[in-house]
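Input: a single structure, listed below in structure tokens.
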Amino acid sequence: MPLPNVSPFARLPAMVAEGLDAIDACYPVLETLDLPNSVRSNVSMALLYASVEHCRAAFALLEDDPHRTFFPAAVLMRSQLDALMRGCFFFGPATDEELQLFLDEDRLPQRGRQKLGARFLARICDNYYEWDPPDRVRQTVKHAYDGLHGMVHGGRAAITYYVHETGVGPHPATDDYIPLLLNSAVLAHHAVGVAFNFATNQASHIVQSTAGPWLEASVNFFQRWSAPAEDQD
């Protein structure tokens with residue numbers, strides 16, 4: 001069937017390739033961090049690792065075939081948000097009782113009548129960690145989560161994506177995906193930053209030798225792809 005009219009597809013392949021390099025720079029840092037061998041630390045690190053790998057898998061799918069893999073990549077990005085916010089929550093603001101409930105019942109606790117989904121966890125964590133600039137992570141999670149929520153469970157977002165004016169089928173990849181992918185990569189690096197804060201060997205030579213390339217890769221990538229399109233060549 002004919003493909004729908006979409007915005008240009010010119011910069012996305014380069015962005016995805018460079019994004020994979022920037023995400024891969026996260027792993028050496030995570031692997032060199034000395035963290036407490038505690039239930040809280042291990043649970044949190046497992047979730048932070050999962051969030052980074054969800055992000056990497058989303059980029060890898062798009063590198064393989066961007067025209068047929070954006071939808072499953074977006075599902076992975078939604079899972080990334082859940083894992084990231086849970087990892088941040090259990091590392092810091094979660095009480096011992098909340099952590100134990102999660103381990104015993106495989107569900108998140110409530111605070112009052114509020115379910116602790118990713119958006120509410122982002123608010124809790126933003127206040128606890130005092131991230132700079134304030135509210136950026138919470139807003140990033142909120143806007144991304146709202147758009148990706150229906151993709152996971154076959155909601156209306158799936159219908160909107162696959163049904164277009166010329167029929168039903170995968171929507172061709174476009175450069176409009178770049179901001180969403182950029183947010184995903186930012187949050188992957190954010191996971192590393194949270195883990196870094198709890199490490200006992202931050203100043204060691206081995207950590208510094210991996211943190212330098214990680215920071216350089218992240219700064220270069222984010223500056224390049226957050227700039228206007230005409231400045232990215």
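Residues are referred to by chain and number: the chain letter is A, B, ... according to the order shown in the structure tokens, the number counts from 1 in that chain, and ligands are numbered separately from 1 in the order shown.
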- Which residues, written as a VMD selection string, have at least one atom at most 12 Å from A:Val152, with only C-alpha atoms counted and residues fewer than 3 positions away on the same chain left out? chain A and resid 71 to 80 82 145 to 149 155 to 158
- Task: Determine, counting only C-alpha atoms, which protein, DNA and RNA residues have an atom within 8 Å of an atom of stretch 117-123 of chain A; residues of the same chain fewer than 3 positions away are not included. Present the result as a PyMOL selection string.
- Result: chain A and resi 81-82+85-86+89+108+126-127+135+137-138+141-142+145
Just the selected residues (N, CA, C and O atoms), exported as a JSON list (two decimals), in the first residue's frame, please.
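Dumped to again_18.json:
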```json
[["chain", "number", "residue", "atom", "x", "y", "z"],
["A", 81, "LEU", "N", 11.77, 4.02, 31.22],
["A", 81, "LEU", "CA", 11.32, 4.99, 32.21],
["A", 81, "LEU", "C", 10.93, 4.32, 33.52],
["A", 81, "LEU", "O", 11.29, 4.79, 34.60],
["A", 82, "ASP", "N", 10.19, 3.22, 33.42],
["A", 82, "ASP", "CA", 9.77, 2.51, 34.63],
["A", 82, "ASP", "C", 10.98, 2.01, 35.42],
["A", 82, "ASP", "O", 11.06, 2.20, 36.64],
["A", 85, "MET", "N", 13.10, 5.02, 37.01],
["A", 85, "MET", "CA", 12.51, 5.69, 38.15],
["A", 85, "MET", "C", 12.44, 4.77, 39.37],
["A", 85, "MET", "O", 12.63, 5.20, 40.50],
["A", 86, "ARG", "N", 12.23, 3.49, 39.14],
["A", 86, "ARG", "CA", 12.24, 2.55, 40.26],
["A", 86, "ARG", "C", 13.65, 2.43, 40.85],
["A", 86, "ARG", "O", 13.83, 2.40, 42.07],
["A", 89, "PHE", "N", 14.38, 5.47, 42.87],
["A", 89, "PHE", "CA", 13.55, 5.47, 44.08],
["A", 89, "PHE", "C", 14.12, 4.53, 45.14],
["A", 89, "PHE", "O", 14.28, 4.92, 46.30],
["A", 108, "LEU", "N", 4.82, -2.18, 43.31],
["A", 108, "LEU", "CA", 5.23, -0.94, 43.96],
["A", 108, "LEU", "C", 4.26, -0.59, 45.09],
["A", 108, "LEU", "O", 3.07, -0.89, 45.00],
["A", 126, "ASP", "N", 13.00, 13.72, 42.16],
["A", 126, "ASP", "CA", 13.46, 15.06, 41.85],
["A", 126, "ASP", "C", 13.64, 15.86, 43.14],
["A", 126, "ASP", "O", 14.63, 16.59, 43.30],
["A", 127, "ASN", "N", 12.71, 15.72, 44.05],
["A", 127, "ASN", "CA", 12.80, 16.42, 45.34],
["A", 127, "ASN", "C", 13.91, 15.84, 46.21],
["A", 127, "ASN", "O", 14.64, 16.58, 46.88],
["A", 135, "ASP", "N", 13.26, 19.94, 38.17],
["A", 135, "ASP", "CA", 12.04, 19.60, 37.44],
["A", 135, "ASP", "C", 12.27, 19.10, 36.02],
["A", 135, "ASP", "O", 11.34, 18.66, 35.37],
["A", 137, "VAL", "N", 13.99, 16.40, 34.87],
["A", 137, "VAL", "CA", 13.78, 14.96, 34.75],
["A", 137, "VAL", "C", 12.30, 14.64, 34.88],
["A", 137, "VAL", "O", 11.75, 13.84, 34.12],
["A", 138, "ARG", "N", 11.64, 15.27, 35.84],
["A", 138, "ARG", "CA", 10.21, 15.00, 36.03],
["A", 138, "ARG", "C", 9.41, 15.34, 34.78],
["A", 138, "ARG", "O", 8.54, 14.57, 34.35],
["A", 141, "VAL", "N", 10.18, 12.77, 31.96],
["A", 141, "VAL", "CA", 9.48, 11.51, 32.20],
["A", 141, "VAL", "C", 7.99, 11.67, 31.92],
["A", 141, "VAL", "O", 7.37, 10.83, 31.27],
["A", 142, "LYS", "N", 7.41, 12.75, 32.40],
["A", 142, "LYS", "CA", 5.96, 12.96, 32.23],
["A", 142, "LYS", "C", 5.58, 13.00, 30.76],
["A", 142, "LYS", "O", 4.66, 12.29, 30.33],
["A", 145, "TYR", "N", 6.31, 9.59, 29.02],
["A", 145, "TYR", "CA", 5.45, 8.52, 29.52],
["A", 145, "TYR", "C", 4.04, 8.65, 28.94],
["A", 145, "TYR", "O", 3.44, 7.66, 28.54]]
```
Per residue of stretch 9-58 of chain A within 7 Å of stretch 182-186 of chain A, record the nearest atom pair and its distance in Å to one decimal, counting only C-alpha atoms, with rows in chain order and ascending residue number, as JSON lines.
```
{"residue": "A:Gly19", "atom": "CA", "partner": "A:Ala185", "partner_atom": "CA", "distance": 6.9}
{"residue": "A:Ile23", "atom": "CA", "partner": "A:Ala185", "partner_atom": "CA", "distance": 6.8}
{"residue": "A:Cys55", "atom": "CA", "partner": "A:Ser184", "partner_atom": "CA", "distance": 6.2}
```
- Message: Which residue is closest to A:Pro172? Choose from A:Pro28, A:Gly112, A:Pro66, A:Pro93 and count only C-alpha atoms.
- Response: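 Closest to A:Pro172 of all the choices is A:Pro66.
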- Excluding stretch 203-216 of chain A and residues on its chain fewer than 6 positions from it, collect all residues at most 12 Å away from it, counting only C-alpha atoms, and give them as a ChimeraX atom specification. /A:21-34,186,188-190,192-193,196-197,222-223
- Item | Separation of atom CA of A:Gly92 from atom CA of A:Arg111 in Å |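 If I compute the distance from atom CA of A:Arg111 to atom CA of A:Gly92, I get 15.6 Å.
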- Give me the residues within 9 Å of A:Tyr49 as a list in words, counting only C-alpha atoms and dropping any in the same chain fewer than 2 places off. Tyr27, Leu30, Ser44, Met45, Ala46, Leu47, Ser51, Val52, Glu53, His54, Ala83, Leu84, Gly87, Ala188, Ala191 and Val192 of chain A
Store the residues picked out above, limited to all heavy atoms, as an mmCIF file, in the first residue's frame.
```cif
data_model
loop_
_atom_site.group_PDB
_atom_site.id
_atom_site.type_symbol
_atom_site.label_atom_id
_atom_site.label_comp_id
_atom_site.auth_asym_id
_atom_site.auth_seq_id
_atom_site.Cartn_x
_atom_site.Cartn_y
_atom_site.Cartn_z
ATOM 1 N N TYR A 27 28.736 1.784 29.928
ATOM 2 C CA TYR A 27 29.022 0.483 30.531
ATOM 3 C C TYR A 27 30.348 0.428 31.286
ATOM 4 O O TYR A 27 30.403 -0.094 32.406
ATOM 5 C CB TYR A 27 28.958 -0.623 29.479
ATOM 6 C CG TYR A 27 27.554 -0.940 29.033
ATOM 7 C CD1 TYR A 27 26.987 -0.281 27.949
ATOM 8 C CD2 TYR A 27 26.786 -1.879 29.700
ATOM 9 C CE1 TYR A 27 25.690 -0.554 27.539
ATOM 10 C CE2 TYR A 27 25.497 -2.170 29.285
ATOM 11 C CZ TYR A 27 24.952 -1.504 28.210
ATOM 12 O OH TYR A 27 23.671 -1.776 27.814
ATOM 13 N N LEU A 30 29.810 1.986 34.752
ATOM 14 C CA LEU A 30 29.023 1.148 35.653
ATOM 15 C C LEU A 30 29.834 -0.042 36.156
ATOM 16 O O LEU A 30 29.712 -0.442 37.327
ATOM 17 C CB LEU A 30 27.763 0.651 34.928
ATOM 18 C CG LEU A 30 26.706 1.705 34.607
ATOM 19 C CD1 LEU A 30 25.615 1.107 33.716
ATOM 20 C CD2 LEU A 30 26.103 2.281 35.883
ATOM 21 N N SER A 44 18.558 -1.654 43.281
ATOM 22 C CA SER A 44 18.603 -0.396 42.537
ATOM 23 C C SER A 44 19.485 -0.504 41.311
ATOM 24 O O SER A 44 19.124 -0.044 40.214
ATOM 25 C CB SER A 44 19.108 0.727 43.452
ATOM 26 O OG SER A 44 18.282 0.859 44.587
ATOM 27 N N MET A 45 20.670 -1.118 41.474
ATOM 28 C CA MET A 45 21.574 -1.240 40.339
ATOM 29 C C MET A 45 21.005 -2.149 39.250
ATOM 30 O O MET A 45 21.202 -1.902 38.056
ATOM 31 C CB MET A 45 22.927 -1.762 40.805
ATOM 32 C CG MET A 45 23.807 -0.690 41.424
ATOM 33 S SD MET A 45 24.086 0.738 40.324
ATOM 34 C CE MET A 45 24.894 -0.030 38.921
ATOM 35 N N ALA A 46 20.310 -3.201 39.655
ATOM 36 C CA ALA A 46 19.680 -4.066 38.654
ATOM 37 C C ALA A 46 18.703 -3.271 37.796
ATOM 38 O O ALA A 46 18.666 -3.409 36.564
ATOM 39 C CB ALA A 46 18.969 -5.228 39.340
ATOM 40 N N LEU A 47 17.927 -2.412 38.432
ATOM 41 C CA LEU A 47 16.939 -1.618 37.706
ATOM 42 C C LEU A 47 17.610 -0.547 36.846
ATOM 43 O O LEU A 47 17.164 -0.265 35.719
ATOM 44 C CB LEU A 47 15.959 -0.991 38.694
ATOM 45 C CG LEU A 47 15.027 -1.993 39.387
ATOM 46 C CD1 LEU A 47 14.357 -1.366 40.607
ATOM 47 C CD2 LEU A 47 13.973 -2.506 38.411
ATOM 48 N N SER A 51 17.426 -0.189 32.788
ATOM 49 C CA SER A 51 17.000 1.023 32.079
ATOM 50 C C SER A 51 17.978 1.389 30.974
ATOM 51 O O SER A 51 17.575 1.778 29.866
ATOM 52 C CB SER A 51 16.838 2.187 33.065
ATOM 53 O OG SER A 51 18.087 2.670 33.526
ATOM 54 N N VAL A 52 19.276 1.263 31.251
ATOM 55 C CA VAL A 52 20.278 1.557 30.223
ATOM 56 C C VAL A 52 20.148 0.580 29.057
ATOM 57 O O VAL A 52 20.231 0.959 27.880
ATOM 58 C CB VAL A 52 21.697 1.513 30.826
ATOM 59 C CG1 VAL A 52 22.756 1.649 29.722
ATOM 60 C CG2 VAL A 52 21.874 2.620 31.863
ATOM 61 N N GLU A 53 19.920 -0.685 29.376
ATOM 62 C CA GLU A 53 19.863 -1.689 28.311
ATOM 63 C C GLU A 53 18.570 -1.603 27.500
ATOM 64 O O GLU A 53 18.560 -1.928 26.309
ATOM 65 C CB GLU A 53 20.076 -3.075 28.909
ATOM 66 C CG GLU A 53 21.452 -3.184 29.561
ATOM 67 C CD GLU A 53 21.989 -4.585 29.647
ATOM 68 O OE1 GLU A 53 21.185 -5.527 29.722
ATOM 69 O OE2 GLU A 53 23.223 -4.725 29.634
ATOM 70 N N HIS A 54 17.484 -1.161 28.125
ATOM 71 C CA HIS A 54 16.275 -0.873 27.344
ATOM 72 C C HIS A 54 16.574 0.209 26.305
ATOM 73 O O HIS A 54 16.163 0.109 25.141
ATOM 74 C CB HIS A 54 15.142 -0.403 28.255
ATOM 75 C CG HIS A 54 14.457 -1.494 29.007
ATOM 76 N ND1 HIS A 54 14.049 -2.661 28.421
ATOM 77 C CD2 HIS A 54 14.080 -1.580 30.311
ATOM 78 C CE1 HIS A 54 13.457 -3.434 29.320
ATOM 79 N NE2 HIS A 54 13.475 -2.803 30.458
ATOM 80 N N ALA A 83 11.909 1.352 34.726
ATOM 81 C CA ALA A 83 13.074 0.795 35.412
ATOM 82 C C ALA A 83 13.941 1.900 36.018
ATOM 83 O O ALA A 83 14.434 1.774 37.149
ATOM 84 C CB ALA A 83 13.888 -0.059 34.450
ATOM 85 N N LEU A 84 14.137 2.983 35.285
ATOM 86 C CA LEU A 84 14.962 4.078 35.777
ATOM 87 C C LEU A 84 14.380 4.693 37.042
ATOM 88 O O LEU A 84 15.082 4.880 38.043
ATOM 89 C CB LEU A 84 15.114 5.142 34.695
ATOM 90 C CG LEU A 84 15.802 6.434 35.124
ATOM 91 C CD1 LEU A 84 17.237 6.173 35.562
ATOM 92 C CD2 LEU A 84 15.762 7.472 34.002
ATOM 93 N N GLY A 87 14.652 2.348 39.975
ATOM 94 C CA GLY A 87 16.022 2.265 40.462
ATOM 95 C C GLY A 87 16.410 3.487 41.285
ATOM 96 O O GLY A 87 17.033 3.360 42.346
ATOM 97 N N ALA A 188 19.425 7.481 29.952
ATOM 98 C CA ALA A 188 20.393 6.403 30.152
ATOM 99 C C ALA A 188 21.632 6.935 30.865
ATOM 100 O O ALA A 188 22.150 6.306 31.802
ATOM 101 C CB ALA A 188 20.771 5.774 28.810
ATOM 102 N N ALA A 191 20.967 7.552 34.523
ATOM 103 C CA ALA A 191 21.062 6.352 35.354
ATOM 104 C C ALA A 191 22.489 6.150 35.851
ATOM 105 O O ALA A 191 22.720 5.799 37.020
ATOM 106 C CB ALA A 191 20.596 5.125 34.570
ATOM 107 N N VAL A 192 23.464 6.390 34.972
ATOM 108 C CA VAL A 192 24.866 6.260 35.369
ATOM 109 C C VAL A 192 25.216 7.298 36.437
ATOM 110 O O VAL A 192 25.906 6.998 37.413
ATOM 111 C CB VAL A 192 25.795 6.413 34.152
ATOM 112 C CG1 VAL A 192 27.254 6.289 34.566
ATOM 113 C CG2 VAL A 192 25.450 5.384 33.098
#
```
- Item | Members of stretch 123-188 of chain A assigned strand (DSSP E or B) by DSSP, as a PyMOL selection string | chain A and resi 163-164+167-168
- Message: From the options A:Phe198, A:Tyr161, A:Phe9, A:Phe59, which residue's atoms come nearest to A:Ser41, counting only C-alpha atoms?
- Response: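 Going through A:Phe198, A:Tyr161, A:Phe9, A:Phe59 one by one, the smallest distance to A:Ser41 is for A:Phe198.
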- Would you list the contacts of stretch 99-107 of chain A as a list in words, taking every protein, DNA or RNA residue within 9 Å and counting only C-alpha atoms, but skipping same-chain residues closer than 6 positions in sequence?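 That gives Val39, Arg40, Val43 and Phe90 of chain A.
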- Message: Can you measure atom CA of A:Val194 to atom CA of A:Leu48 for me? One decimal in Å is fine.
- Response: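 Taking atom CA of A:Val194 as the start and atom CA of A:Leu48 as the end point, the length is 8.6 Å.
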- Which of stretch 16-226 of chain A fall in helix (DSSP H, G or I), as a PyMOL selection string: chain A and resi 16-24+26-32+39-64+66-91+96-105+118-129+136-152+156-162+175-198+205-226
- Note on the structure: Across A:Ala10, A:Leu187, A:Ala144, A:Ala94, the smallest distance to A:Arg56, with only C-alpha atoms counted, is shown by A:Leu187
